[in-house]
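Enquirer: This is the content of data33.txt (compact mmCIF, C-alpha atoms and all ligand atoms):
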```txt
# COMPACT_ATOMS: atom_id res chain seq x y z
CA MET A 1 0.00 0.00 0.00
CA VAL A 2 1.30 3.49 -0.83
CA LEU A 3 1.03 5.77 2.16
CA PHE A 4 0.71 9.51 2.18
CA GLY A 5 1.75 11.72 5.05
CA SER A 6 2.42 10.33 8.50
CA LYS A 7 -0.48 8.32 9.86
CA PRO A 8 -2.06 9.51 13.12
CA THR A 9 -2.02 7.06 16.00
CA LYS A 10 -5.73 6.26 15.68
CA GLU A 11 -5.24 5.03 12.10
CA LYS A 12 -2.22 2.98 13.11
CA LYS A 13 -4.19 1.37 15.94
CA LEU A 14 -7.16 0.48 13.72
CA GLU A 15 -4.85 -0.87 11.04
CA LYS A 16 -2.98 -2.99 13.55
CA LYS A 17 -6.24 -4.46 14.84
CA GLY A 18 -7.31 -5.23 11.25
CA LYS A 19 -10.41 -3.03 11.64
CA PHE A 20 -10.43 -1.89 8.05
CA HIS A 21 -14.05 -0.79 7.89
CA GLU A 22 -13.63 1.48 10.93
CA LEU A 23 -10.34 2.69 9.51
CA GLN A 24 -11.86 3.70 6.18
CA LEU A 25 -14.91 5.21 7.90
CA TYR A 26 -12.61 7.22 10.16
CA ARG A 27 -10.58 8.43 7.18
CA TYR A 28 -13.80 9.40 5.39
CA LYS A 29 -15.01 11.42 8.37
CA MET A 30 -11.66 13.11 8.91
CA ALA A 31 -11.23 13.82 5.21
CA ARG A 32 -14.62 15.54 5.05
CA GLY A 33 -13.49 18.01 7.69
CA GLU A 34 -10.07 18.47 6.17
CA GLY A 35 -10.77 18.64 2.45
CA VAL A 36 -14.08 20.38 1.79
CA GLY A 37 -12.90 21.34 -1.71
CA ASP A 38 -11.89 17.73 -2.35
CA PHE A 39 -15.45 16.55 -1.76
CA THR A 40 -17.12 19.46 -3.51
CA TYR A 41 -14.98 19.73 -6.64
CA ARG A 42 -12.17 17.21 -7.00
CA LEU A 43 -13.87 13.89 -6.23
CA PRO A 44 -16.87 14.49 -8.53
CA ARG A 45 -14.45 15.36 -11.33
CA LEU A 46 -12.22 12.41 -10.52
CA LEU A 47 -15.15 9.98 -10.66
CA GLN A 48 -16.52 11.51 -13.86
CA THR A 49 -13.06 11.26 -15.42
CA GLU A 50 -12.88 7.59 -14.43
CA GLN A 51 -16.24 7.05 -16.10
CA ARG A 52 -14.86 8.62 -19.26
CA LEU A 53 -11.74 6.41 -19.03
CA ARG A 54 -13.97 3.34 -18.77
CA GLU A 55 -16.03 4.41 -21.77
CA ILE A 56 -12.89 4.83 -23.87
CA THR A 57 -11.39 1.54 -22.69
CA GLN A 58 -14.60 -0.35 -23.44
CA ARG A 59 -15.01 1.27 -26.86
CA GLU A 60 -11.38 0.36 -27.64
CA ALA A 61 -12.06 -3.27 -26.75
CA THR A 62 -15.04 -3.41 -29.14
CA LEU A 63 -13.14 -1.60 -31.88
CA THR A 64 -10.19 -4.00 -31.61
CA GLU A 65 -12.60 -6.85 -32.34
CA GLU A 66 -14.17 -4.93 -35.23
CA ILE A 67 -10.74 -4.22 -36.74
CA LYS A 68 -9.79 -7.89 -36.40
CA ARG A 69 -12.97 -8.94 -38.20
CA GLY A 70 -12.44 -6.22 -40.83
CA LEU A 71 -8.91 -7.44 -41.56
CA GLU A 72 -10.09 -11.03 -41.83
CA SER A 73 -12.79 -10.14 -44.33
CA GLY A 74 -10.56 -7.74 -46.31
CA GLU A 75 -12.72 -4.72 -45.38
CA ASN A 76 -11.31 -1.20 -45.53
CA ILE A 77 -10.36 -0.42 -41.94
CA GLU A 78 -9.12 3.13 -42.51
CA GLU A 79 -12.00 4.74 -40.62
CA MET A 80 -11.69 2.29 -37.76
CA ASP A 81 -7.96 2.97 -37.56
CA ARG A 82 -8.67 6.68 -37.33
CA GLU A 83 -11.16 6.11 -34.52
CA SER A 84 -8.59 3.96 -32.74
CA GLN A 85 -6.05 6.79 -32.90
CA ASP A 86 -8.64 9.27 -31.64
CA LEU A 87 -9.45 6.97 -28.73
CA LYS A 88 -5.78 6.72 -27.79
CA SER A 89 -5.45 10.48 -27.60
CA SER A 90 -8.76 10.78 -25.72
CA TYR A 91 -7.55 8.23 -23.17
CA TYR A 92 -4.29 10.10 -22.79
CA ALA A 93 -6.12 13.41 -22.21
CA ALA A 94 -8.47 11.87 -19.62
CA ASP A 95 -5.57 10.06 -17.94
CA CYS A 96 -3.71 13.40 -17.63
CA GLU A 97 -6.82 15.00 -16.21
CA TRP A 98 -7.18 12.21 -13.63
CA HIS A 99 -3.59 12.69 -12.47
CA LEU A 100 -3.95 16.44 -12.36
CA ILE A 101 -7.02 16.17 -10.12
CA TYR A 102 -5.37 13.49 -7.98
CA THR A 103 -2.29 15.59 -7.31
CA ARG A 104 -4.54 18.47 -6.21
CA ILE A 105 -6.32 16.47 -3.52
CA VAL A 106 -5.68 18.29 -0.27
CA SER A 107 -6.67 15.76 2.40
CA GLU A 108 -4.05 13.19 3.35
CA TYR A 109 -6.83 11.11 4.97
CA LEU A 110 -8.56 11.01 1.61
CA LYS A 111 -5.38 9.99 -0.20
CA ARG A 112 -4.74 7.19 2.27
CA GLY A 113 -8.37 6.05 2.04
CA LEU A 114 -8.26 6.00 -1.76
CA SER A 115 -4.90 4.28 -1.75
CA GLN A 116 -6.18 1.53 0.53
CA CYS A 117 -9.41 1.07 -1.43
CA ARG A 118 -7.59 0.82 -4.74
CA SER A 119 -4.88 -1.51 -3.44
CA TYR A 120 -7.40 -4.27 -4.23
CA PRO A 121 -7.11 -4.63 -8.02
CA GLN A 122 -10.78 -5.56 -8.28
CA TRP A 123 -12.05 -2.88 -5.94
CA TYR A 124 -14.86 -2.19 -8.43
CA LEU A 125 -16.41 -5.59 -7.70
CA HIS A 126 -17.59 -4.05 -4.42
CA GLU A 127 -21.22 -5.14 -3.97
CA ILE A 128 -22.56 -1.57 -4.16
CA LEU A 129 -20.88 -1.03 -7.52
CA SER A 130 -21.85 -4.44 -8.92
CA LYS A 131 -25.45 -3.86 -7.87
CA ASP A 132 -25.38 -0.42 -9.48
CA CYS A 133 -24.17 -2.03 -12.72
CA ALA A 134 -27.02 -4.56 -12.53
CA ASP A 135 -29.54 -1.77 -11.79
CA ARG A 136 -28.32 0.03 -14.92
CA ASP A 137 -28.90 -3.22 -16.83
CA GLY A 138 -25.18 -3.71 -17.31
CA CYS A 139 -23.46 -7.08 -17.59
CA CYS A 140 -23.82 -7.66 -13.83
CA ALA A 141 -27.56 -8.09 -14.50
CA ARG A 142 -26.75 -11.11 -16.70
CA ASP A 143 -24.72 -14.30 -16.59
CA CYS A 144 -22.09 -13.24 -19.13
CA GLY A 145 -19.61 -12.32 -16.36
CA CYS A 146 -17.99 -9.52 -18.41
CA CYS A 147 -17.25 -7.26 -15.43
CA ARG A 148 -15.48 -10.05 -13.58
CA THR A 149 -13.39 -11.10 -16.54
CA ARG A 150 -12.88 -7.87 -18.48
CA ASP A 151 -9.44 -7.98 -20.01
CA VAL A 152 -7.85 -4.61 -19.26
CA GLN A 153 -4.37 -3.80 -20.58
CA PRO A 154 -1.70 -2.63 -18.10
CA ASN A 155 -1.75 0.86 -19.66
CA ARG A 156 -5.52 1.07 -19.20
CA GLN A 157 -5.67 0.42 -15.46
CA LEU A 158 -7.64 3.60 -14.76
CA GLY A 159 -10.22 2.31 -17.22
CA VAL A 160 -11.22 -0.71 -15.11
CA GLY A 161 -14.76 -1.01 -13.85
CA HIS A 162 -18.34 -1.76 -14.72
CA CYS A 163 -20.29 -1.32 -17.93
CA THR A 164 -20.64 2.03 -19.60
CA LEU A 165 -22.63 2.90 -22.70
CA GLU A 166 -19.66 1.61 -24.69
CA CYS A 167 -19.70 -1.95 -23.36
CA GLY A 168 -19.87 -4.13 -26.49
CA CYS A 169 -21.71 -6.96 -24.72
CA CYS A 170 -24.40 -4.57 -23.41
CA GLN A 171 -24.80 -3.02 -26.85
CA GLU A 172 -25.28 -6.44 -28.37
CA THR A 173 -27.85 -7.38 -25.72
CA ARG A 174 -29.76 -4.16 -26.36
CA GLY A 175 -29.65 -4.69 -30.10
CA PHE A 176 -27.52 -1.79 -31.23
CA ALA A 177 -24.11 -3.42 -31.57
CA GLY A 178 -22.13 -1.86 -34.41
CA CYS A 179 -24.26 1.32 -34.44
CA LYS A 180 -22.52 4.50 -33.44
CA LEU A 181 -24.58 6.22 -30.76
CA SER A 182 -25.18 9.91 -31.31
CA ASP A 183 -23.93 12.32 -28.66
CA GLU A 184 -27.57 13.15 -27.81
CA ALA A 185 -28.42 9.48 -27.28
CA LYS A 186 -25.36 9.07 -25.06
CA GLU A 187 -26.25 12.11 -22.99
CA SER A 188 -29.84 11.04 -22.49
CA MET A 189 -28.71 7.57 -21.37
CA LYS A 190 -26.20 9.09 -18.97
CA ASP A 191 -28.94 11.22 -17.45
CA ILE A 192 -30.59 8.07 -16.11
CA CYS A 193 -27.84 7.62 -13.49
CA PRO A 194 -25.85 10.84 -13.40
CA LEU A 195 -22.67 10.90 -11.36
CA ASP A 196 -23.56 14.40 -10.38
CA ARG A 197 -23.25 15.62 -6.82
CA ASP A 198 -25.60 18.56 -7.41
CA THR A 199 -28.50 16.79 -9.08
CA SER A 200 -28.29 13.27 -7.59
CA TYR A 201 -26.62 13.72 -4.24
CA ARG A 202 -27.67 10.44 -2.59
CA TYR A 203 -26.80 8.31 -5.60
CA TYR A 204 -23.52 10.16 -6.06
CA GLN A 205 -22.60 9.74 -2.37
CA LYS A 206 -23.28 6.01 -2.49
CA ILE A 207 -21.06 5.50 -5.55
CA MET A 208 -18.37 7.85 -4.23
CA LYS A 209 -18.10 6.13 -0.83
CA ALA A 210 -17.85 2.68 -2.42
CA SER A 211 -15.41 3.77 -5.15
CA ILE A 212 -13.10 5.92 -3.05
CA PHE A 213 -13.25 4.38 0.44
CA GLY A 214 -14.81 0.94 -0.16
CA ILE A 215 -17.52 1.67 2.43
CA ALA A 216 -21.28 1.21 2.28
CA ASP A 217 -23.96 2.85 4.40
CA GLY A 218 -25.46 0.51 6.95
CA ASN A 219 -22.83 -2.14 6.34
CA VAL A 220 -19.96 -2.59 8.74
CA ALA A 221 -18.11 -5.29 6.80
CA SER A 222 -14.64 -4.40 5.60
CA GLN A 223 -14.16 -3.72 1.91
CA LEU A 224 -12.54 -7.10 1.28
CA ASP A 225 -15.69 -8.84 2.47
CA LEU A 226 -17.80 -6.69 0.17
CA ILE A 227 -15.81 -7.53 -2.94
CA GLU A 228 -16.85 -10.54 -4.94
CA LYS A 229 -13.63 -12.43 -4.97
CA PRO A 230 -12.69 -14.06 -8.23
CA PRO A 231 -10.28 -16.99 -8.05
CA ALA A 232 -6.61 -16.02 -7.65
CA TYR A 233 -7.57 -12.78 -5.99
CA GLU A 234 -4.67 -10.93 -4.48
CA GLU A 235 -3.98 -7.56 -2.93
CA LYS A 236 -1.69 -5.30 -4.95
CA GLU A 237 0.07 -2.05 -4.22
CA PHE A 238 -1.84 0.95 -5.58
CA LYS A 239 0.33 3.04 -7.84
CA PRO A 240 -1.57 5.78 -9.57
CA GLY A 241 1.03 5.77 -12.34
CA ARG A 242 0.61 5.03 -16.02
ZN ZN B 301 -21.49 -9.00 -20.77
ZN ZN B 302 -21.80 -4.70 -20.29
ZN ZN B 303 -20.85 -4.87 -13.96
```
Please express what this file holds, its structure, as structure tokens.
Expert:
Amino acid sequence: MVLFGSKPTKEKKLEKKGKFHELQLYRYKMARGEGVGDFTYRLPRLLQTEQRLREITQREATLTEEIKRGLESGENIEEMDRESQDLKSSYYAADCEWHLIYTRIVSEYLKRGLSQCRSYPQWYLHEILSKDCADRDGCCARDCGCCRTRDVQPNRQLGVGHCTLECGCCQETRGFAGCKLSDEAKESMKDICPLDRDTSYRYYQKIMKASIFGIADGNVASQLDLIEKPPAYEEKEFKPGR
């Protein structure tokens, strides 16, 4: 685990006792007092940027398959190649934005909480986030298992997570695979579950707490117990690098 700042005694004690839920809850409470701007501005932007990174990563995965099929059938893949290049630069821009926001986080409690939460490579399989995916009719609502087995490249680690509008499997299920969604269609679909602190505070808070601290209201289990553990699950150091 990467640690930021020197940990106060209370954190050390909770960590030593293995009370990870209390530890993360404590960090959340302390961070709220310490980093008002973090919670008002930076975290909403960070989470929205992660959503964008997931959309790009999932679109790239679908496009890679389309290019493969195009090459096999001798189709002209020029346009697909161009889209692939555009996606690479879009990912890069969003990745830079994520790091810029991250470096501006003021609260050390928040940084330690995030670091601990993300030290589990499959932090996004937290039951709150998997249920949210199922509620949005993502792959967690079906038996396909895409979210558990999504193959994410090492340079796309910030793009891990549940289904977005660009999930190829979801598009196929909904019957619009291969169709390019208009920006209007995308916006209207996003409006159903907006990650927006101002317009959907309760929903936003639920997703934020699970994504950043691994905590859930009314549940005192530690994050590890709330993550669906795939086989060969192991804890890994969180390095917000590229
Ligand atoms: Zn699926
Ligand atoms: Zn999906
Ligand atoms: Zn999912």
Enquirer: Pull the neighbourhood of (-19.3, 8.8, 7.6) for me: all residues within 12 Å in file coordinates, counting only C-alpha atoms, as a PyMOL selection string.
Expert: chain A and resi 21-33+205-206+208-210+213-220
Enquirer: Just write the chosen residues, C-alpha atoms, as a tab-separated table (two decimals), keeping the file's coordinate frame.
Expert:
```
chain	number	residue	atom	x	y	z
A	21	HIS	CA	-14.05	-0.79	7.89
A	22	GLU	CA	-13.63	1.48	10.93
A	23	LEU	CA	-10.34	2.69	9.51
A	24	GLN	CA	-11.86	3.70	6.18
A	25	LEU	CA	-14.91	5.21	7.90
A	26	TYR	CA	-12.61	7.22	10.16
A	27	ARG	CA	-10.58	8.43	7.18
A	28	TYR	CA	-13.80	9.40	5.39
A	29	LYS	CA	-15.01	11.42	8.37
A	30	MET	CA	-11.66	13.11	8.91
A	31	ALA	CA	-11.23	13.82	5.21
A	32	ARG	CA	-14.62	15.54	5.05
A	33	GLY	CA	-13.49	18.01	7.69
A	205	GLN	CA	-22.60	9.74	-2.37
A	206	LYS	CA	-23.28	6.01	-2.49
A	208	MET	CA	-18.37	7.85	-4.23
A	209	LYS	CA	-18.10	6.13	-0.83
A	210	ALA	CA	-17.85	2.68	-2.42
A	213	PHE	CA	-13.25	4.38	0.44
A	214	GLY	CA	-14.81	0.94	-0.16
A	215	ILE	CA	-17.52	1.67	2.43
A	216	ALA	CA	-21.28	1.21	2.28
A	217	ASP	CA	-23.96	2.85	4.40
A	218	GLY	CA	-25.46	0.51	6.95
A	219	ASN	CA	-22.83	-2.14	6.34
A	220	VAL	CA	-19.96	-2.59	8.74
```
Enquirer: Find the distance between atom CA of A:Phe238 and atom CA of A:Ile105 and write it in Å to one decimal.
Expert: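 Computed distance, atom CA of A:Phe238 to atom CA of A:Ile105, equals 16.3 Å.
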Enquirer: For a test of reading the model, state the distance in Å between atom CA of A:Gln153 and atom CA of A:Ala61, rounded to one decimal.
Expert: 9.9 Å
Enquirer: Collect all residues with atoms no farther than 7 Å from ligand ZN 301 (chain B), counting all atoms listed in the file, and output them as a list in words.
Expert: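 Those within range of ligand ZN 301 (chain B) are Cys139, Arg142, Cys144, Gly145, Cys146, Cys169 and Cys170 of chain A.
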Enquirer: Can I get the selection written as a PDB file, in the frame of the given file, with C-alpha atoms?
Expert:
```
ATOM      1  CA  CYS A 139     -23.460  -7.080 -17.590  1.00  0.00           C
ATOM      2  CA  ARG A 142     -26.750 -11.110 -16.700  1.00  0.00           C
ATOM      3  CA  CYS A 144     -22.090 -13.240 -19.130  1.00  0.00           C
ATOM      4  CA  GLY A 145     -19.610 -12.320 -16.360  1.00  0.00           C
ATOM      5  CA  CYS A 146     -17.990  -9.520 -18.410  1.00  0.00           C
ATOM      6  CA  CYS A 169     -21.710  -6.960 -24.720  1.00  0.00           C
ATOM      7  CA  CYS A 170     -24.400  -4.570 -23.410  1.00  0.00           C
TER       8      CYS A 170
END
```
Enquirer: Excluding A:Gln51 and residues on its chain fewer than 5 positions from it, collect all residues at most 12 Å away from it, counting all atoms listed in the file, and give them as a list of chain:residue names.
Expert: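 So, after excluding close chain neighbours, the residues are A:Pro44, A:Arg45, A:Leu46, A:Ile56, A:Thr57, A:Gln58, A:Tyr91, A:Ala94, A:Asp95, A:Trp98, A:Leu158, A:Gly159, A:Val160, A:Gly161, A:His162, A:Cys163, A:Thr164, A:Leu165, A:Glu166, A:Lys190, A:Cys193, A:Pro194, A:Leu195, A:Asp196, A:Ile207, A:Ser211.
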Enquirer: Using all atoms listed in the file for the distances, tell me which of A:Pro240, A:Arg59, A:Gly37, A:Glu15 is nearest to A:Thr103.
Expert: A:Pro240
Enquirer: Tell me which of A:Glu108, A:Glu187, A:Asp81, A:Glu172 sits closest to A:Gly138, counting only C-alpha atoms.
Expert: A:Glu172
Enquirer: Which one is closest to ligand ZN 303 (chain B): A:Gly70, A:Gly175, A:Leu125, A:Tyr201? Count only C-alpha atoms and all ligand atoms.
Expert: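 The closest residue to ligand ZN 303 (chain B) is A:Leu125.
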Enquirer: A:Lys17, A:Arg136, A:Lys7, A:Lys186: which is nearest ligand ZN 303 (chain B), counting only C-alpha atoms and all ligand atoms?
Expert: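 Ranked by minimum distance to ligand ZN 303 (chain B), first place goes to A:Arg136.
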Enquirer: Hey, can you check how far atom CA of A:Asp86 sits from atom CA of A:Leu129?
Expert: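 Distance between the two atoms: 28.9 Å.
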Enquirer: Using all atoms listed in the file, can you tell me which of A:Arg54, A:His126, A:Lys88, A:Arg69 comes closest to A:Cys140?
Expert: A:His126
Enquirer: From the options A:Asp132, A:Glu78, A:Glu237, A:Asp198, which residue's atoms come nearest to ligand ZN 303 (chain B), counting only C-alpha atoms and all ligand atoms?
Expert: A:Asp132
Enquirer: Counting all atoms listed in the file, what is within 10 Å of A:Glu79, bar same-chain residues fewer than 5 positions away, as a compact mmCIF listing (two decimals) with C-alpha atoms, in the coordinates of the input?
Expert:
```
# COMPACT_ATOMS: atom_id res chain seq x y z
CA ILE A 67 -10.74 -4.22 -36.74
CA SER A 84 -8.59 3.96 -32.74
CA GLN A 85 -6.05 6.79 -32.90
```
Enquirer: Provide an axis-aligned box for all listed atoms of stretch 145-155 of chain A, padding each side by 6 Å; report its centre and its edge lengths in Å to one decimal, as lines of an AutoDock Vina configuration file.
Expert:
```
center_x = -10.7
center_y = -5.7
center_z = -17.1
size_x = 29.9
size_y = 25.2
size_z = 19.0
```
